[in-house]
Amino acid sequence: MNFTEADSKYQDLERKSIREILEGINAEDKIVPFAVEKAIPQIEKLVAEIVPRMQMGGRLFYIGAGTSGRLGIVDASECPPTFGVPDDWVIGIIAGGDKAIRKAVEFAEDDSEQAWKDLQVFRINELDVLVGIAASGRTPYVVGALQKAQENGIFTACITCNLNTPVAQYANVAIEVIVGAEFITGSTRMKAGTAQKLVLNMISTTTMIQLGRVKGNKMVDMQLANTKLIDRATRILCNELHISATQAQELLQRYGNVRKAIENFQQ
C-alpha cells in the first residue's frame with residue numbers, strides 16, 4: 001500500500017471551521033512520534049555506521065527532492081553553528097540545486113542520473129555515508145543516487161514513509177516511518193515531513209554527541225555567531241566554572257569557544 005498517497009479520512013475540508021481543521025491536523029500530528037519510535041532500531045544501526053566513518057574523515061550526505069531535500073539541507077546547515085563542525089561534515093543536496101530550496105524546479109526530481117552528478121561535485125567516496133530522503137520512497141532522483149552510491153561501495157540509507165520501496169532496495173539501512181494518510185491527501189509536507197525532520201534530528205544530534213561535540217548536555221563547540229549564543233555561552237561558563245558573567249565573557253573573548261575556555265580555566 002502507498003501510505004503517502006492514501007485518501008485522507010477527513011472529508012469536505014472546505015466546509016469545516018478553523019477550529020475543526022486545526023484539531024484535525026493536530027490529531028494526525030500526534031501519530032508521528034509513535035511511528036518514529038518504531039524506527040529507532042534502524043536509526044541506531046545507521047548512526048553506528050556513520051560515527052566510525054566520520055571519525056576516519058568521512059562525511060554525512062543527505063539527498064532529496066522538494067520538502068525532503070529542504071529538510072536535509074536544514075539539518076545539514078544547522079550542524080556547524082550548533083556543534084562547531086566544518087561546513088563540509090554534513091552536506092545537504094536537493095534536486096534542482098540551491099534555487100530549489102526556495103522555489104520548486106519542475107521535473108528535477110524525475111532525473112535519476114543528475115543526483116550522482118551532483119554528488120560527484122563533492123567527490124563522495126567510500127568513507128562517506130549517503131542518506132536518501134523520500135517520503136514516497138519512489139523519487140527517481142533519490143533512487144538513482146542510492147543505486148549509484150551502492151555500486152561505488154558507499155554506505156547508504158533512506159528515510160521514507162512507505163514500506164518496501166525502491167529507495168529501500170538500494171539502502172543498507174532502511175528507515176521506514178509509517179505515519180499513514182495525510183490530513184490533505186498526498187500533502188507529505190505535513191506528517192511525513194514532520195517524521196523526516198524528527199529522524200534527521202535524531203541522526204545528526206546522536207552522531208555529534210558520539211563524536212564528542214557535546215559536554216554534559218551543553219553545546220560547548222557552538223559558534224558564537226550572535227548575541228543569543230554569546231549569552232548562552234556565558235551562562236554555560238558561569239554554571240560550569242562557578243564564575244561571574246564578567247569573568248565568563250573575558251574567557252570567551254580570550255578563547256572564542258566554550259570548550260577552550262573550560263579547558264584552559266581548569267588547567
# chains A, B, ... in the order shown; residues from 1 in each chain; ligands from 1
call {"tool": "residues_around", "arguments": {"residues": "Gly186 of chain A", "least_positions_apart": "5", "cutoff": "8 Å", "atoms": "only C-alpha atoms", "output": "mmCIF file with C-alpha atoms, in the first residue's frame"}}
result
data_model
loop_
_atom_site.group_PDB
_atom_site.id
_atom_site.type_symbol
_atom_site.label_atom_id
_atom_site.label_comp_id
_atom_site.auth_asym_id
_atom_site.auth_seq_id
_atom_site.Cartn_x
_atom_site.Cartn_y
_atom_site.Cartn_z
ATOM 1 C CA THR A 4 1.671 8.631 1.446
ATOM 2 C CA GLU A 5 -0.945 8.766 -1.319
ATOM 3 C CA ALA A 6 -3.796 7.211 0.657
ATOM 4 C CA ASP A 7 -7.024 9.193 0.783
ATOM 5 C CA ALA A 181 -2.585 9.195 5.107
#
call {"tool": "residues_around", "arguments": {"residues": "Glu49 of chain A", "least_positions_apart": "5", "cutoff": "10 Å", "atoms": "only C-alpha atoms", "output": "ChimeraX atom specification"}}
result
/A:44,54,128-129,155-156,173,207
call {"tool": "closest_residue", "arguments": {"among": "A:Glu106, A:Glu263, A:Glu176, A:Glu78", "to": "Ala157 of chain A", "atoms": "only C-alpha atoms"}}
result
A:Glu176
call {"tool": "select_by_dssp", "arguments": {"residues": "segment 28-210 of chain A", "states": "strand (DSSP E or B)", "output": "list in words"}}
result
Leu60, Phe61, Tyr62, Ile63, Gly64, Val90, Ile91, Gly92, Ile93, Ile94, Val129, Leu130, Val131, Gly132, Ile133, Phe155, Thr156, Ala157, Cys158, Ile159, Thr160, Val173, Ala174, Ile175 and Glu176 of chain A
call {"tool": "write_last_selection", "arguments": {"atoms": "C-alpha atoms", "output": "compact mmCIF listing (two decimals), in the first residue's frame"}}
result
# COMPACT_ATOMS: atom_id res chain seq x y z
CA LEU A 60 27.36 12.55 6.00
CA PHE A 61 25.32 13.36 2.90
CA TYR A 62 21.59 13.95 2.72
CA ILE A 63 19.91 13.95 -0.68
CA GLY A 64 16.28 14.53 -1.59
CA VAL A 90 27.26 17.21 6.87
CA ILE A 91 26.11 18.13 3.36
CA GLY A 92 22.56 18.52 2.08
CA ILE A 93 21.77 18.23 -1.64
CA ILE A 94 18.41 18.97 -3.28
CA VAL A 129 27.51 7.86 4.14
CA LEU A 130 24.61 8.81 1.85
CA VAL A 131 21.08 9.15 3.24
CA GLY A 132 18.32 9.41 0.67
CA ILE A 133 15.17 11.17 1.89
CA PHE A 155 27.19 3.02 2.62
CA THR A 156 23.59 4.08 2.01
CA ALA A 157 20.41 4.62 4.00
CA CYS A 158 16.97 6.01 3.34
CA ILE A 159 14.21 7.79 5.24
CA THR A 160 10.79 7.06 3.79
CA VAL A 173 19.66 0.67 6.30
CA ALA A 174 16.02 1.49 5.52
CA ILE A 175 14.30 3.81 7.98
CA GLU A 176 10.59 3.40 7.22
call {"tool": "atom_distance", "arguments": {"atom1": "atom CA of Gly24 of chain A", "atom2": "atom CA of Leu198 of chain A"}}
result
20.5 Å
call {"tool": "closest_residue", "arguments": {"among": "A:Ser136, A:Thr67, A:Gln11, A:Asn226", "to": "Ala104 of chain A", "atoms": "only C-alpha atoms"}}
result
A:Thr67
call {"tool": "residues_around", "arguments": {"residues": "Ala65 of chain A", "least_positions_apart": "2", "cutoff": "12 Å", "atoms": "only C-alpha atoms", "output": "ChimeraX atom specification"}}
result
/A:62-63,67-73,92-101,103-112,114-115,132-143,145,188-189,193
call {"tool": "closest_residue", "arguments": {"among": "A:Trp89, A:Val177, A:Glu28, A:Ile154", "to": "Lys9 of chain A", "atoms": "only C-alpha atoms"}}
result
A:Glu28
call {"tool": "closest_residue", "arguments": {"among": "A:Ile178, A:Leu127, A:Ala39, A:Val220", "to": "Met202 of chain A", "atoms": "only C-alpha atoms"}}
result
A:Ala39
